[in-house]
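So the structure is just underneath, and the comments pick up after that.
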Amino acid sequence: MDMTFYSAELLKQELNDRGYRLTPQRQKILDIFQAQPQGEHLSAEFLHQDLSQEGEHISLSTVYRTLHLMVNMGLLRELELAEGHKHYELNRPLREHHHHLVCVHCNKTLEFSDTQIDQVGEKQANAAGYYVLDCQLTLYGTCPECDR
Ligand SMILES: [Zn+2]
Ligand SMILES: [Zn+2]
């Protein structure tokens, strides 16, 4: 299955087929993510603020719920930063999956790609009969700035 997330029509079709609806609210959130440069990871709080500034008044708990749903839809991926802070980014299935290196002191997050990790994940999932939506490895450590 090949999902092209950059065409709104294809995306809607794909989601409908899977029993999901891309409501205007979800579309709005998706637009914000698509406007971010690669490597940006957004928190629910940031998104909530951004939506308010654009005149979309959605409660923070609705933002949390919508983000969670969009992760389940395969549109977003959830990243567990240090100290339980969840951040979100676009899931880009057409690109290689990328992984994260997180500094536990300053939360600086680097992205890296490694097809070997993806292959190991795919192998495990396929053996269990799963369809893979996402594969991510998060490494926690201390960045060079914090290690001084
Ligand atoms: Zn990332
Ligand atoms: Zn650091």
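Ligands are numbered from 1 in the order shown, residues from 1 within each chain, and chains are lettered A, B, ... in the order they appear in the structure tokens.
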
Query raised in the report: Which neighbours of His85 in chain A fall inside 8 Å, counting only C-alpha atoms, when residues of the same chain fewer than 4 positions from it are skipped, and could you give them as a PyMOL selection string?
Result: chain A and resi 43+80-81

Take the residues just selected and output them with C-alpha atoms as a compact mmCIF listing (two decimals), in the first residue's frame.
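Resulting contents of again-v5.txt:
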# COMPACT_ATOMS: atom_id res chain seq x y z
CA SER A 43 3.97 19.74 20.96
CA GLU A 80 8.47 10.67 23.18
CA LEU A 81 11.00 13.32 24.12

Query raised in the report: Using only C-alpha atoms and all ligand atoms, which protein or nucleic acid residues are at most 7 Å from ligand 1, as a PyMOL selection string?
Result: chain A and resi 39-41+89+98-100+111

Query raised in the report: If we count only C-alpha atoms, what is near Cys103 in chain A at a cut-off of 6 Å, once residues fewer than 6 positions away on the same chain are taken out, given as a list of chain:residue names?
Result: A:Tyr140, A:Gly141, A:Thr142, A:Cys143

Residues as selected, C-alpha atoms, written as an mmCIF file, in the first residue's frame, can you do that?
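File written: again-v2.cif
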data_model
loop_
_atom_site.group_PDB
_atom_site.id
_atom_site.type_symbol
_atom_site.label_atom_id
_atom_site.label_comp_id
_atom_site.auth_asym_id
_atom_site.auth_seq_id
_atom_site.Cartn_x
_atom_site.Cartn_y
_atom_site.Cartn_z
ATOM 1 C CA TYR A 140 18.280 9.048 24.730
ATOM 2 C CA GLY A 141 21.582 10.556 25.760
ATOM 3 C CA THR A 142 23.545 13.696 26.484
ATOM 4 C CA CYS A 143 24.420 16.088 23.656
#

Closest-contact table, chain A side, partner ligand 2, 12 Å, counting only C-alpha atoms and all ligand atoms, as JSON lines:
{"residue": "A:Ala82", "atom": "CA", "partner": "ligand 2", "partner_atom_place_in_ligand_line": "1 (Zn)", "distance": 10.7}
{"residue": "A:Leu101", "atom": "CA", "partner": "ligand 2", "partner_atom_place_in_ligand_line": "1 (Zn)", "distance": 10.6}
{"residue": "A:Val102", "atom": "CA", "partner": "ligand 2", "partner_atom_place_in_ligand_line": "1 (Zn)", "distance": 8.1}
{"residue": "A:Cys103", "atom": "CA", "partner": "ligand 2", "partner_atom_place_in_ligand_line": "1 (Zn)", "distance": 4.7}
{"residue": "A:Val104", "atom": "CA", "partner": "ligand 2", "partner_atom_place_in_ligand_line": "1 (Zn)", "distance": 6.6}
{"residue": "A:His105", "atom": "CA", "partner": "ligand 2", "partner_atom_place_in_ligand_line": "1 (Zn)", "distance": 4.9}
{"residue": "A:Cys106", "atom": "CA", "partner": "ligand 2", "partner_atom_place_in_ligand_line": "1 (Zn)", "distance": 4.1}
{"residue": "A:Asn107", "atom": "CA", "partner": "ligand 2", "partner_atom_place_in_ligand_line": "1 (Zn)", "distance": 6.2}
{"residue": "A:Lys108", "atom": "CA", "partner": "ligand 2", "partner_atom_place_in_ligand_line": "1 (Zn)", "distance": 5.6}
{"residue": "A:Thr109", "atom": "CA", "partner": "ligand 2", "partner_atom_place_in_ligand_line": "1 (Zn)", "distance": 8.7}
{"residue": "A:Leu110", "atom": "CA", "partner": "ligand 2", "partner_atom_place_in_ligand_line": "1 (Zn)", "distance": 10.7}
{"residue": "A:Tyr140", "atom": "CA", "partner": "ligand 2", "partner_atom_place_in_ligand_line": "1 (Zn)", "distance": 10.4}
{"residue": "A:Gly141", "atom": "CA", "partner": "ligand 2", "partner_atom_place_in_ligand_line": "1 (Zn)", "distance": 8.3}
{"residue": "A:Thr142", "atom": "CA", "partner": "ligand 2", "partner_atom_place_in_ligand_line": "1 (Zn)", "distance": 5.5}
{"residue": "A:Cys143", "atom": "CA", "partner": "ligand 2", "partner_atom_place_in_ligand_line": "1 (Zn)", "distance": 4.3}
{"residue": "A:Pro144", "atom": "CA", "partner": "ligand 2", "partner_atom_place_in_ligand_line": "1 (Zn)", "distance": 6.7}
{"residue": "A:Glu145", "atom": "CA", "partner": "ligand 2", "partner_atom_place_in_ligand_line": "1 (Zn)", "distance": 5.6}
{"residue": "A:Cys146", "atom": "CA", "partner": "ligand 2", "partner_atom_place_in_ligand_line": "1 (Zn)", "distance": 4.4}
{"residue": "A:Asp147", "atom": "CA", "partner": "ligand 2", "partner_atom_place_in_ligand_line": "1 (Zn)", "distance": 7.3}
{"residue": "A:Arg148", "atom": "CA", "partner": "ligand 2", "partner_atom_place_in_ligand_line": "1 (Zn)", "distance": 9.8}

Query - Test item: residues at most 8 Å from range 59-62 of chain A, only C-alpha atoms, excluding those fewer than 4 positions along its chain, as a list in words - result: Ala44, Glu45, His48 and Thr66 of chain A

Requested in this report: Tell me which protein, DNA and RNA residues are within 10 Å of Leu133 in chain A, counting only C-alpha atoms, leaving out same-chain ones fewer than 4 positions away, and put them as a ChimeraX atom specification.
Outcome: /A:71-77,91-93,97

Query - Selection near Glu54 in chain A, 12 Å with only C-alpha atoms, sequence-local residues under 5 positions removed, as a list in words - result: Lys28, Ile29, Ile32, Leu47, His48 and Gln49 of chain A

Give me the residues within 8 Å of Arg26 in chain A as a short mmCIF file (atom, residue, chain, number, x, y, z; two decimals) with C-alpha atoms, in the first residue's frame, counting only C-alpha atoms and dropping any in the same chain fewer than 4 places off.
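Result saved to result.cif:
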data_model
loop_
_atom_site.label_atom_id
_atom_site.label_comp_id
_atom_site.auth_asym_id
_atom_site.auth_seq_id
_atom_site.Cartn_x
_atom_site.Cartn_y
_atom_site.Cartn_z
CA LEU A 22 -10.53 14.14 7.33
CA LEU A 30 -2.39 18.64 8.95
CA THR A 66 -7.16 14.77 17.58
CA MET A 70 -4.17 11.26 13.63
#

Query raised in the report: Among range 22-146 of chain A, which residues carry a DSSP assignment of helix (DSSP H, G or I), reported as a PyMOL selection string?
Result: chain A and resi 24-34+44-53+60-72+82-84+115-127

Dump of C-alpha atoms for the selected residues, as a PDB file, in the first residue's frame:
ATOM      1  CA  PRO A  24     -11.802  20.522   8.423  1.00  0.00           C
ATOM      2  CA  GLN A  25     -10.270  20.603  11.909  1.00  0.00           C
ATOM      3  CA  ARG A  26      -7.967  17.674  11.154  1.00  0.00           C
ATOM      4  CA  GLN A  27      -7.162  19.177   7.753  1.00  0.00           C
ATOM      5  CA  LYS A  28      -6.184  22.421   9.501  1.00  0.00           C
ATOM      6  CA  ILE A  29      -3.858  20.570  11.859  1.00  0.00           C
ATOM      7  CA  LEU A  30      -2.386  18.639   8.949  1.00  0.00           C
ATOM      8  CA  ASP A  31      -1.773  21.937   7.104  1.00  0.00           C
ATOM      9  CA  ILE A  32       0.202  23.278  10.053  1.00  0.00           C
ATOM     10  CA  PHE A  33       2.376  20.161  10.078  1.00  0.00           C
ATOM     11  CA  GLN A  34       2.895  20.319   6.326  1.00  0.00           C
ATOM     12  CA  ALA A  44       0.211  19.743  21.522  1.00  0.00           C
ATOM     13  CA  GLU A  45       0.612  23.015  23.438  1.00  0.00           C
ATOM     14  CA  PHE A  46       2.387  24.680  20.520  1.00  0.00           C
ATOM     15  CA  LEU A  47      -0.264  23.467  18.117  1.00  0.00           C
ATOM     16  CA  HIS A  48      -3.016  24.673  20.424  1.00  0.00           C
ATOM     17  CA  GLN A  49      -1.459  28.154  20.490  1.00  0.00           C
ATOM     18  CA  ASP A  50      -0.940  28.198  16.752  1.00  0.00           C
ATOM     19  CA  LEU A  51      -4.570  27.228  16.138  1.00  0.00           C
ATOM     20  CA  SER A  52      -5.793  29.952  18.521  1.00  0.00           C
ATOM     21  CA  GLN A  53      -3.717  32.549  16.699  1.00  0.00           C
ATOM     22  CA  LEU A  60      -6.293  21.643  24.480  1.00  0.00           C
ATOM     23  CA  SER A  61      -7.884  18.296  25.312  1.00  0.00           C
ATOM     24  CA  THR A  62      -9.487  18.196  21.855  1.00  0.00           C
ATOM     25  CA  VAL A  63      -6.077  18.919  20.332  1.00  0.00           C
ATOM     26  CA  TYR A  64      -4.632  16.004  22.330  1.00  0.00           C
ATOM     27  CA  ARG A  65      -7.435  13.702  21.226  1.00  0.00           C
ATOM     28  CA  THR A  66      -7.158  14.767  17.583  1.00  0.00           C
ATOM     29  CA  LEU A  67      -3.387  14.271  17.576  1.00  0.00           C
ATOM     30  CA  HIS A  68      -3.799  10.819  19.066  1.00  0.00           C
ATOM     31  CA  LEU A  69      -6.379   9.940  16.434  1.00  0.00           C
ATOM     32  CA  MET A  70      -4.171  11.259  13.630  1.00  0.00           C
ATOM     33  CA  VAL A  71      -1.354   9.040  14.895  1.00  0.00           C
ATOM     34  CA  ASN A  72      -3.722   6.082  14.672  1.00  0.00           C
ATOM     35  CA  ALA A  82      12.730  13.472  27.476  1.00  0.00           C
ATOM     36  CA  GLU A  83      10.574  13.708  30.618  1.00  0.00           C
ATOM     37  CA  GLY A  84       7.455  12.399  28.930  1.00  0.00           C
ATOM     38  CA  THR A 115      17.631   1.329   6.553  1.00  0.00           C
ATOM     39  CA  GLN A 116      18.959  -1.558   8.635  1.00  0.00           C
ATOM     40  CA  ILE A 117      16.744  -0.518  11.550  1.00  0.00           C
ATOM     41  CA  ASP A 118      13.761  -0.244   9.185  1.00  0.00           C
ATOM     42  CA  GLN A 119      14.494  -3.699   7.799  1.00  0.00           C
ATOM     43  CA  VAL A 120      14.692  -5.275  11.241  1.00  0.00           C
ATOM     44  CA  GLY A 121      11.377  -3.670  12.157  1.00  0.00           C
ATOM     45  CA  GLU A 122       9.728  -4.735   8.917  1.00  0.00           C
ATOM     46  CA  LYS A 123      10.941  -8.293   9.344  1.00  0.00           C
ATOM     47  CA  GLN A 124       9.503  -8.535  12.865  1.00  0.00           C
ATOM     48  CA  ALA A 125       6.194  -6.990  11.825  1.00  0.00           C
ATOM     49  CA  ASN A 126       5.789  -9.129   8.723  1.00  0.00           C
ATOM     50  CA  ALA A 127       6.526 -12.287  10.682  1.00  0.00           C
TER      51      ALA A 127
END

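As for CA of Phe112 in chain A and CA of Leu15 in chain A, they are spaced 28.7 Å apart.
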
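Taking CA of Gln136 in chain A and CA of Leu90 in chain A as the two end points, the separation is 12.9 Å.
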
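Atom to atom, CA of Ser113 in chain A and CA of Leu137 in chain A stand 9.9 Å apart.
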